[in-house]
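K.L.:
The following file, upload-v9.pdb, comprises PDB, C-alpha atoms, pLDDT in the B column:
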MODEL        1
ATOM      1  CA  MET P   1       0.000   0.000   0.000  1.00 94.00           C
ATOM      2  CA  ARG P   2       1.330   3.435  -1.024  1.00 97.00           C
ATOM      3  CA  VAL P   3       0.271   6.804   0.401  1.00 97.00           C
ATOM      4  CA  VAL P   4       1.063  10.490  -0.029  1.00 97.00           C
ATOM      5  CA  ILE P   5       0.809  13.064   2.774  1.00 96.00           C
ATOM      6  CA  ALA P   6       0.038  16.800   2.728  1.00 94.00           C
ATOM      7  CA  GLU P   7       0.727  18.225   6.210  1.00 93.00           C
ATOM      8  CA  ASP P   8       2.554  21.454   7.097  1.00 90.00           C
ATOM      9  CA  SER P   9       3.660  20.342  10.568  1.00 90.00           C
ATOM     10  CA  VAL P  10       7.008  18.613  10.064  1.00 91.00           C
ATOM     11  CA  LEU P  11       6.641  16.799  13.392  1.00 90.00           C
ATOM     12  CA  LEU P  12       3.226  15.349  12.562  1.00 91.00           C
ATOM     13  CA  ARG P  13       4.215  14.615   8.962  1.00 92.00           C
ATOM     14  CA  GLU P  14       7.278  12.635  10.001  1.00 93.00           C
ATOM     15  CA  GLY P  15       5.295  10.959  12.757  1.00 94.00           C
ATOM     16  CA  LEU P  16       2.701   9.789  10.245  1.00 95.00           C
ATOM     17  CA  VAL P  17       5.418   8.477   7.935  1.00 95.00           C
ATOM     18  CA  ARG P  18       6.957   6.399  10.719  1.00 95.00           C
ATOM     19  CA  LEU P  19       3.607   5.201  12.053  1.00 94.00           C
ATOM     20  CA  LEU P  20       2.547   4.065   8.590  1.00 96.00           C
ATOM     21  CA  ALA P  21       5.926   2.433   7.926  1.00 97.00           C
ATOM     22  CA  ASP P  22       5.604   0.403  11.124  1.00 96.00           C
ATOM     23  CA  ALA P  23       2.326  -0.937   9.703  1.00 96.00           C
ATOM     24  CA  GLY P  24       3.963  -1.847   6.385  1.00 97.00           C
ATOM     25  CA  ILE P  25       2.528   1.151   4.527  1.00 97.00           C
ATOM     26  CA  GLU P  26       4.901   3.123   2.286  1.00 97.00           C
ATOM     27  CA  THR P  27       4.796   6.921   2.074  1.00 97.00           C
ATOM     28  CA  VAL P  28       5.925   7.702  -1.473  1.00 97.00           C
ATOM     29  CA  ALA P  29       5.802  11.511  -1.172  1.00 96.00           C
ATOM     30  CA  ALA P  30       5.017  14.249   1.367  1.00 94.00           C
ATOM     31  CA  VAL P  31       4.416  17.987   0.990  1.00 94.00           C
ATOM     32  CA  GLY P  32       3.706  20.862   3.358  1.00 91.00           C
ATOM     33  CA  ASP P  33       0.971  22.687   1.457  1.00 88.00           C
ATOM     34  CA  GLY P  34      -2.322  22.059  -0.324  1.00 84.00           C
ATOM     35  CA  PRO P  35      -1.306  23.060  -3.859  1.00 85.00           C
ATOM     36  CA  GLY P  36       1.518  20.515  -3.811  1.00 91.00           C
ATOM     37  CA  LEU P  37      -0.921  17.675  -3.160  1.00 92.00           C
ATOM     38  CA  LEU P  38      -2.329  17.480  -6.679  1.00 91.00           C
ATOM     39  CA  GLY P  39       1.150  17.224  -8.177  1.00 93.00           C
ATOM     40  CA  ILE P  40       2.287  14.315  -6.020  1.00 95.00           C
ATOM     41  CA  VAL P  41      -1.017  12.476  -6.486  1.00 95.00           C
ATOM     42  CA  GLU P  42      -0.772  12.827 -10.274  1.00 94.00           C
ATOM     43  CA  GLU P  43       2.853  11.685 -10.209  1.00 95.00           C
ATOM     44  CA  HIS P  44       2.542   8.717  -7.849  1.00 96.00           C
ATOM     45  CA  ARG P  45      -1.120   7.634  -8.179  1.00 95.00           C
ATOM     46  CA  PRO P  46      -1.177   6.466  -4.526  1.00 97.00           C
ATOM     47  CA  ASP P  47      -3.619   4.121  -2.832  1.00 97.00           C
ATOM     48  CA  LEU P  48      -4.496   6.922  -0.394  1.00 97.00           C
ATOM     49  CA  ALA P  49      -3.818  10.632   0.188  1.00 97.00           C
ATOM     50  CA  ILE P  50      -3.717  11.875   3.796  1.00 96.00           C
ATOM     51  CA  VAL P  51      -4.417  15.607   3.934  1.00 94.00           C
ATOM     52  CA  ASP P  52      -4.455  18.264   6.653  1.00 92.00           C
ATOM     53  CA  VAL P  53      -7.374  20.716   6.298  1.00 87.00           C
ATOM     54  CA  ARG P  54      -5.520  23.897   7.279  1.00 85.00           C
ATOM     55  CA  MET P  55      -2.194  24.620   5.612  1.00 84.00           C
ATOM     56  CA  PRO P  56      -0.229  27.616   4.243  1.00 77.00           C
ATOM     57  CA  PRO P  57      -0.655  30.296   3.159  1.00 75.00           C
ATOM     58  CA  SER P  58      -3.958  31.242   4.832  1.00 76.00           C
ATOM     59  CA  PHE P  59      -4.411  28.239   7.164  1.00 79.00           C
ATOM     60  CA  THR P  60      -8.139  28.055   6.402  1.00 79.00           C
ATOM     61  CA  ASP P  61      -9.208  25.248   4.072  1.00 83.00           C
ATOM     62  CA  GLU P  62      -6.349  24.830   1.566  1.00 86.00           C
ATOM     63  CA  GLY P  63      -6.037  21.127   2.266  1.00 86.00           C
ATOM     64  CA  LEU P  64      -9.747  20.484   1.852  1.00 85.00           C
ATOM     65  CA  ARG P  65      -9.863  22.377  -1.448  1.00 87.00           C
ATOM     66  CA  ALA P  66      -6.822  20.449  -2.659  1.00 89.00           C
ATOM     67  CA  ALA P  67      -8.464  17.156  -1.669  1.00 89.00           C
ATOM     68  CA  ILE P  68     -11.632  18.072  -3.575  1.00 88.00           C
ATOM     69  CA  ALA P  69      -9.507  19.051  -6.594  1.00 89.00           C
ATOM     70  CA  VAL P  70      -7.810  15.641  -6.474  1.00 91.00           C
ATOM     71  CA  ARG P  71     -11.176  13.886  -6.454  1.00 88.00           C
ATOM     72  CA  GLU P  72     -12.327  15.977  -9.430  1.00 88.00           C
ATOM     73  CA  ARG P  73      -9.132  15.457 -11.435  1.00 90.00           C
ATOM     74  CA  LEU P  74      -8.617  11.810 -10.495  1.00 90.00           C
ATOM     75  CA  PRO P  75     -12.038  10.402  -9.505  1.00 87.00           C
ATOM     76  CA  GLY P  76     -11.977   7.576  -7.019  1.00 87.00           C
ATOM     77  CA  THR P  77      -8.675   8.558  -5.380  1.00 93.00           C
ATOM     78  CA  PRO P  78      -9.109   7.615  -1.696  1.00 95.00           C
ATOM     79  CA  ILE P  79      -8.746  10.641   0.598  1.00 94.00           C
ATOM     80  CA  LEU P  80      -8.345  10.871   4.372  1.00 94.00           C
ATOM     81  CA  VAL P  81      -8.693  14.423   5.675  1.00 90.00           C
ATOM     82  CA  LEU P  82      -7.332  15.218   9.136  1.00 92.00           C
ATOM     83  CA  SER P  83      -8.629  18.202  11.101  1.00 87.00           C
ATOM     84  CA  GLN P  84      -7.736  19.812  14.416  1.00 85.00           C
ATOM     85  CA  TYR P  85     -11.357  20.687  15.116  1.00 77.00           C
ATOM     86  CA  VAL P  86     -14.820  19.325  14.337  1.00 72.00           C
ATOM     87  CA  GLU P  87     -16.084  21.213  11.285  1.00 71.00           C
ATOM     88  CA  GLU P  88     -19.144  19.535   9.802  1.00 65.00           C
ATOM     89  CA  ARG P  89     -19.026  21.533   6.568  1.00 69.00           C
ATOM     90  CA  TYR P  90     -15.657  20.056   5.697  1.00 69.00           C
ATOM     91  CA  ALA P  91     -16.986  16.518   6.061  1.00 68.00           C
ATOM     92  CA  THR P  92     -20.048  17.205   3.935  1.00 69.00           C
ATOM     93  CA  ASP P  93     -18.091  19.189   1.326  1.00 72.00           C
ATOM     94  CA  LEU P  94     -15.621  16.341   0.994  1.00 74.00           C
ATOM     95  CA  ILE P  95     -18.267  13.717   0.277  1.00 71.00           C
ATOM     96  CA  GLY P  96     -20.183  15.972  -2.122  1.00 67.00           C
ATOM     97  CA  GLY P  97     -18.874  13.945  -5.068  1.00 64.00           C
ATOM     98  CA  GLY P  98     -19.454  10.579  -3.404  1.00 67.00           C
ATOM     99  CA  ALA P  99     -18.572   8.899  -0.123  1.00 67.00           C
ATOM    100  CA  GLU P 100     -16.611   5.893  -1.367  1.00 80.00           C
ATOM    101  CA  GLY P 101     -12.961   6.026  -0.364  1.00 89.00           C
ATOM    102  CA  VAL P 102     -13.402   9.077   1.879  1.00 87.00           C
ATOM    103  CA  GLY P 103     -12.433   9.709   5.484  1.00 88.00           C
ATOM    104  CA  TYR P 104     -12.665  12.691   7.823  1.00 87.00           C
ATOM    105  CA  LEU P 105     -11.006  12.301  11.222  1.00 90.00           C
ATOM    106  CA  LEU P 106      -9.822  14.516  14.034  1.00 90.00           C
ATOM    107  CA  LYS P 107      -6.039  14.541  14.416  1.00 90.00           C
ATOM    108  CA  GLU P 108      -6.358  13.217  17.956  1.00 90.00           C
ATOM    109  CA  ARG P 109      -7.493   9.872  16.486  1.00 88.00           C
ATOM    110  CA  VAL P 110      -3.942   9.279  15.263  1.00 91.00           C
ATOM    111  CA  ALA P 111      -2.972   8.602  18.899  1.00 90.00           C
ATOM    112  CA  ASP P 112      -4.969   5.350  18.780  1.00 91.00           C
ATOM    113  CA  VAL P 113      -2.593   3.732  16.314  1.00 93.00           C
ATOM    114  CA  ALA P 114      -4.517   0.507  15.755  1.00 92.00           C
ATOM    115  CA  GLU P 115      -7.797   2.353  15.065  1.00 89.00           C
ATOM    116  CA  PHE P 116      -6.048   4.874  12.825  1.00 94.00           C
ATOM    117  CA  ILE P 117      -4.313   2.229  10.726  1.00 96.00           C
ATOM    118  CA  ASP P 118      -7.585   0.323  10.459  1.00 92.00           C
ATOM    119  CA  ALA P 119      -9.282   3.495   9.191  1.00 92.00           C
ATOM    120  CA  VAL P 120      -6.472   4.063   6.676  1.00 96.00           C
ATOM    121  CA  ARG P 121      -6.876   0.569   5.267  1.00 95.00           C
ATOM    122  CA  ARG P 122     -10.677   0.800   5.111  1.00 91.00           C
ATOM    123  CA  ILE P 123     -10.609   4.124   3.259  1.00 93.00           C
ATOM    124  CA  ALA P 124      -7.970   2.874   0.817  1.00 95.00           C
ATOM    125  CA  ALA P 125     -10.234  -0.118   0.134  1.00 92.00           C
ATOM    126  CA  GLY P 126     -13.116   2.202  -0.786  1.00 89.00           C
ATOM    127  CA  GLY P 127     -14.809   2.531   2.587  1.00 85.00           C
ATOM    128  CA  THR P 128     -16.134   5.615   4.342  1.00 84.00           C
ATOM    129  CA  VAL P 129     -14.893   6.690   7.776  1.00 87.00           C
ATOM    130  CA  ILE P 130     -16.379   9.769   9.461  1.00 83.00           C
ATOM    131  CA  ASP P 131     -15.213  10.880  12.912  1.00 84.00           C
ATOM    132  CA  PRO P 132     -17.668  10.033  15.718  1.00 80.00           C
ATOM    133  CA  GLU P 133     -17.517  13.665  16.940  1.00 80.00           C
ATOM    134  CA  VAL P 134     -18.765  14.888  13.564  1.00 74.00           C
ATOM    135  CA  ILE P 135     -21.517  12.276  13.559  1.00 72.00           C
ATOM    136  CA  GLY P 136     -22.587  13.345  17.052  1.00 69.00           C
ATOM    137  CA  GLN P 137     -22.933  16.975  15.996  1.00 69.00           C
ATOM    138  CA  LEU P 138     -24.857  16.065  12.856  1.00 63.00           C
ATOM    139  CA  LEU P 139     -27.272  13.953  14.884  1.00 59.00           C
ATOM    140  CA  GLY P 140     -27.823  16.861  17.242  1.00 61.00           C
ATOM    141  CA  ARG P 141     -29.118  19.186  14.537  1.00 59.00           C
ATOM    142  CA  ARG P 142     -31.394  16.978  12.417  1.00 54.00           C
ATOM    143  CA  ARG P 143     -34.241  18.915  10.815  1.00 53.00           C
ATOM    144  CA  THR P 144     -37.944  18.391  11.510  1.00 54.00           C
ATOM    145  CA  GLY P 145     -39.433  16.055   8.930  1.00 61.00           C
ATOM    146  CA  ASP P 146     -36.060  14.548   8.070  1.00 70.00           C
ATOM    147  CA  PRO P 147     -36.382  11.025   6.548  1.00 72.00           C
ATOM    148  CA  LEU P 148     -34.075   9.787   9.298  1.00 76.00           C
ATOM    149  CA  ASP P 149     -36.798  10.587  11.829  1.00 78.00           C
ATOM    150  CA  ALA P 150     -38.429   7.300  10.816  1.00 84.00           C
ATOM    151  CA  LEU P 151     -35.473   5.326  12.147  1.00 86.00           C
ATOM    152  CA  THR P 152     -35.566   3.743  15.588  1.00 91.00           C
ATOM    153  CA  PRO P 153     -32.849   4.643  18.123  1.00 90.00           C
ATOM    154  CA  ARG P 154     -31.134   1.296  17.426  1.00 93.00           C
ATOM    155  CA  GLU P 155     -31.262   1.867  13.662  1.00 92.00           C
ATOM    156  CA  ARG P 156     -29.680   5.288  14.203  1.00 87.00           C
ATOM    157  CA  GLU P 157     -26.901   3.635  16.182  1.00 89.00           C
ATOM    158  CA  VAL P 158     -26.321   1.163  13.374  1.00 91.00           C
ATOM    159  CA  LEU P 159     -26.285   3.922  10.734  1.00 87.00           C
ATOM    160  CA  ALA P 160     -23.858   5.990  12.819  1.00 84.00           C
ATOM    161  CA  LEU P 161     -21.482   3.026  12.959  1.00 87.00           C
ATOM    162  CA  MET P 162     -21.913   2.501   9.210  1.00 85.00           C
ATOM    163  CA  ALA P 163     -20.835   6.142   8.745  1.00 79.00           C
ATOM    164  CA  GLN P 164     -17.688   5.314  10.728  1.00 78.00           C
ATOM    165  CA  GLY P 165     -16.913   2.610   8.198  1.00 78.00           C
ATOM    166  CA  ARG P 166     -17.686  -0.337  10.449  1.00 82.00           C
ATOM    167  CA  SER P 167     -18.394  -3.733   8.927  1.00 86.00           C
ATOM    168  CA  ASN P 168     -21.500  -5.683   9.952  1.00 91.00           C
ATOM    169  CA  GLY P 169     -19.367  -7.879  12.189  1.00 92.00           C
ATOM    170  CA  ALA P 170     -17.776  -4.871  13.906  1.00 90.00           C
ATOM    171  CA  ILE P 171     -21.171  -3.227  14.392  1.00 93.00           C
ATOM    172  CA  ALA P 172     -22.494  -6.442  15.951  1.00 95.00           C
ATOM    173  CA  ALA P 173     -19.527  -6.565  18.337  1.00 94.00           C
ATOM    174  CA  ASP P 174     -19.917  -2.896  19.326  1.00 92.00           C
ATOM    175  CA  LEU P 175     -23.649  -3.250  20.015  1.00 94.00           C
ATOM    176  CA  VAL P 176     -23.344  -6.763  21.491  1.00 94.00           C
ATOM    177  CA  VAL P 177     -25.891  -8.249  19.087  1.00 94.00           C
ATOM    178  CA  THR P 178     -25.739 -10.890  16.355  1.00 94.00           C
ATOM    179  CA  GLU P 179     -24.725 -10.126  12.779  1.00 94.00           C
ATOM    180  CA  GLY P 180     -28.182 -11.301  11.771  1.00 94.00           C
ATOM    181  CA  ALA P 181     -29.726  -8.582  13.931  1.00 95.00           C
ATOM    182  CA  VAL P 182     -27.430  -5.985  12.338  1.00 94.00           C
ATOM    183  CA  GLU P 183     -28.395  -7.166   8.847  1.00 93.00           C
ATOM    184  CA  LYS P 184     -32.068  -6.803   9.771  1.00 94.00           C
ATOM    185  CA  HIS P 185     -31.508  -3.256  11.064  1.00 93.00           C
ATOM    186  CA  ILE P 186     -29.628  -2.314   7.886  1.00 91.00           C
ATOM    187  CA  SER P 187     -32.400  -3.760   5.748  1.00 90.00           C
ATOM    188  CA  ASN P 188     -34.901  -1.620   7.682  1.00 91.00           C
ATOM    189  CA  ILE P 189     -32.706   1.446   7.215  1.00 88.00           C
ATOM    190  CA  PHE P 190     -32.579   0.914   3.447  1.00 85.00           C
ATOM    191  CA  MET P 191     -36.352   0.461   3.344  1.00 86.00           C
ATOM    192  CA  LYS P 192     -37.129   3.554   5.442  1.00 85.00           C
ATOM    193  CA  LEU P 193     -34.708   5.701   3.402  1.00 81.00           C
ATOM    194  CA  ASP P 194     -36.241   4.299   0.204  1.00 78.00           C
ATOM    195  CA  LEU P 195     -32.924   2.908  -1.030  1.00 75.00           C
ATOM    196  CA  GLN P 196     -33.938   0.087  -3.337  1.00 65.00           C
ATOM    197  CA  LEU P 197     -31.745  -2.455  -5.112  1.00 59.00           C
ATOM    198  CA  ALA P 198     -33.039  -1.116  -8.412  1.00 44.00           C
ATOM    199  CA  GLN P 199     -31.240   2.160  -7.751  1.00 47.00           C
ATOM    200  CA  GLY P 200     -27.820   2.223  -9.360  1.00 43.00           C
ATOM    201  CA  GLY P 201     -25.759   3.381  -6.379  1.00 46.00           C
ATOM    202  CA  HIS P 202     -24.226   1.422  -3.547  1.00 61.00           C
ATOM    203  CA  ARG P 203     -26.990   1.479  -0.926  1.00 71.00           C
ATOM    204  CA  ARG P 204     -24.632   1.493   2.053  1.00 72.00           C
ATOM    205  CA  VAL P 205     -22.833   4.561   0.713  1.00 67.00           C
ATOM    206  CA  MET P 206     -26.129   6.226  -0.210  1.00 68.00           C
ATOM    207  CA  ALA P 207     -27.395   5.696   3.340  1.00 75.00           C
ATOM    208  CA  VAL P 208     -24.294   7.386   4.728  1.00 71.00           C
ATOM    209  CA  LEU P 209     -24.778  10.287   2.303  1.00 65.00           C
ATOM    210  CA  ALA P 210     -28.369  10.660   3.503  1.00 69.00           C
ATOM    211  CA  TYR P 211     -27.132  10.529   7.068  1.00 67.00           C
ATOM    212  CA  LEU P 212     -24.673  13.359   6.428  1.00 64.00           C
ATOM    213  CA  GLY P 213     -27.329  15.505   4.804  1.00 59.00           C
ATOM    214  CA  ARG P 214     -26.581  14.830   1.125  1.00 47.00           C
ATOM    215  CA  ASP P 215     -28.763  13.420  -1.615  1.00 42.00           C
ATOM    216  CA  GLY P 216     -25.996  11.344  -3.227  1.00 39.00           C
ATOM    217  CA  GLY P 217     -25.974  13.507  -6.355  1.00 36.00           C
TER     218      GLY P 217
ENDMDL
END
How would this structure read if it were set down as structure tokens?
P.N.:
Amino acid sequence: MRVVIAEDSVLLREGLVRLLADAGIETVAAVGDGPGLLGIVEEHRPDLAIVDVRMPPSFTDEGLRAAIAVRERLPGTPILVLSQYVEERYATDLIGGGAEGVGYLLKERVADVAEFIDAVRRIAAGGTVIDPEVIGQLLGRRRTGDPLDALTPREREVLALMAQGRSNGAIAADLVVTEGAVEKHISNIFMKLDLQLAQGGHRRVMAVLAYLGRDGG
């Protein structure tokens, strides 16, 4: 597995390189600004790009804009955005073109090495991983009449874990239920969100998009 990194903090950048190397993941290039990201992605065509949101020169959203540009120029490139703070707009902007192979995590998650490496591998494989803090804030501001209002509390829990990129087995372990029960909850979620097999998209991804306030388009 090959990754590129865009992070202006030399300490964090080198720390990520070493952490990934210890897990057998090669960092093929690293830059300290957003504009440099597109160049190294085009040159190396990595399995994943890890990107800081705020980088020079303005330290606002250069990394996010660079990540979106990568997805537009090279569709399907897996992206993991790291942020110092919870900013819901960044998560929803990032998945605007589709949630497959997308991650948005707080930088503090890097401290849990096993969880972080697991997230890296899941995103590179096409999964979606959204930070639990972001999910919590989104849940707290759901609109009246939202289609998600039809979901039971347990179905909301299952969908929240789906948004974190959890497999059915991992969701079952977290909720201490059987995989069969999880499959039933997911089936109910698809039904209540009107996500039918006849629709062309990946229903799991479409459910996450609905959860994050997008229509999948």
K.L.:
Using the chain letters and numbers from the file, which residues does the PyMOL selection byres ((chain P and resi 60) around 12) grab, as JSON, numbers by chain?
P.N.:
{"P": [33, 34, 52, 53, 54, 55, 56, 57, 58, 59, 61, 62, 63, 64, 65, 66, 83, 84, 85, 87, 90]}
K.L.:
Specify as a PyMOL selection string each residue included when the PyMOL selection byres ((chain P and resi 18-25) around 8) is applied to this file.
P.N.:
chain P and resi 1-3+14-17+26-27+113+117
K.L.:
Compile the contact shell of Gln164 of chain P as a ChimeraX atom specification: residues with an atom at most 6 Å away, counting all atoms listed in the file, same-chain residues fewer than 2 positions apart removed.
P.N.:
/P:129-130,161-162,166
K.L.:
With the file shown as input, list the residues that the PyMOL selection byres ((chain P and resi 172) around 12) selects, as a tab-separated table (two decimals) with C-alpha atoms, keeping the file's coordinate frame.
P.N.:
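Once everything was written out, this is expr_0.tsv:
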chain	number	residue	atom	x	y	z
P	154	ARG	CA	-31.13	1.30	17.43
P	157	GLU	CA	-26.90	3.64	16.18
P	158	VAL	CA	-26.32	1.16	13.37
P	161	LEU	CA	-21.48	3.03	12.96
P	162	MET	CA	-21.91	2.50	9.21
P	166	ARG	CA	-17.69	-0.34	10.45
P	167	SER	CA	-18.39	-3.73	8.93
P	168	ASN	CA	-21.50	-5.68	9.95
P	169	GLY	CA	-19.37	-7.88	12.19
P	170	ALA	CA	-17.78	-4.87	13.91
P	171	ILE	CA	-21.17	-3.23	14.39
P	173	ALA	CA	-19.53	-6.56	18.34
P	174	ASP	CA	-19.92	-2.90	19.33
P	175	LEU	CA	-23.65	-3.25	20.02
P	176	VAL	CA	-23.34	-6.76	21.49
P	177	VAL	CA	-25.89	-8.25	19.09
P	178	THR	CA	-25.74	-10.89	16.36
P	179	GLU	CA	-24.72	-10.13	12.78
P	180	GLY	CA	-28.18	-11.30	11.77
P	181	ALA	CA	-29.73	-8.58	13.93
P	182	VAL	CA	-27.43	-5.98	12.34
P	183	GLU	CA	-28.40	-7.17	8.85
P	184	LYS	CA	-32.07	-6.80	9.77
P	185	HIS	CA	-31.51	-3.26	11.06
P	186	ILE	CA	-29.63	-2.31	7.89
K.L.:
One number please: atom CA of Gly165 of chain P to atom CA of Glu42 of chain P, in Å, one decimal.
P.N.:
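So the answer is 26.6 Å.
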K.L.:
Mind pulling up the distance from atom CA of Val28 of chain P to atom CA of Leu105 of chain P?
P.N.:
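Rounded to one decimal, the two atoms are 21.7 Å apart.
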K.L.:
Measuring between only C-alpha atoms, which one of P:Leu195, P:Ala207, P:Ala125, P:Ala119 shows the shortest distance to Leu159 of chain P?
P.N.:
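The answer is P:Ala207, which sits nearest to Leu159 of chain P.
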K.L.:
With all atoms listed in the file as the counted atoms, please give the residues lying no more than 8 Å from Val4 of chain P, apart from itself and same-chain residues fewer than 5 positions off, as a ChimeraX atom specification.
P.N.:
/P:27-30,40-41,46,48-50
K.L.:
Return as AutoDock Vina command-line options the centre and edge lengths, in Å with one decimal, of the box along x, y and z that encloses every atom of segment 97-111 of chain P in the file, padded by 4 Å per side.
P.N.:
--center_x -11.2 --center_y 10.2 --center_z 6.9 --size_x 24.5 --size_y 16.6 --size_z 32.0
K.L.:
Please, which residues are within 12 Å of (-34.5, 6.0, 14.8) by the file's coordinates, counting only C-alpha atoms, and could they come as a VMD selection string?
P.N.:
chain P and resid 139 142 146 to 160 185 to 186 188 to 189 192 to 193 211
K.L.:
P:Val31, P:Gly36, P:Leu106, P:Val208: which is nearest Phe190 of chain P, counting all atoms listed in the file?
P.N.:
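For Phe190 of chain P, the nearest of the candidates is P:Val208.
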K.L.:
State, in Å with one decimal place, the distance from atom CA of Ala163 of chain P to atom CA of Thr77 of chain P.
P.N.:
18.8 Å
K.L.:
Between P:Asp194, P:Leu74, P:Asp112, P:Asp93, which has the minimum distance to Glu43 of chain P (counting all atoms listed in the file)?
P.N.:
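Under the stated criterion, the closest residue is P:Leu74.
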K.L.:
Using all atoms listed in the file, which of the listed residues (P:Leu82, P:Leu38, P:Arg13, P:Val51) sits closest to Ala69 of chain P?
P.N.:
P:Leu38
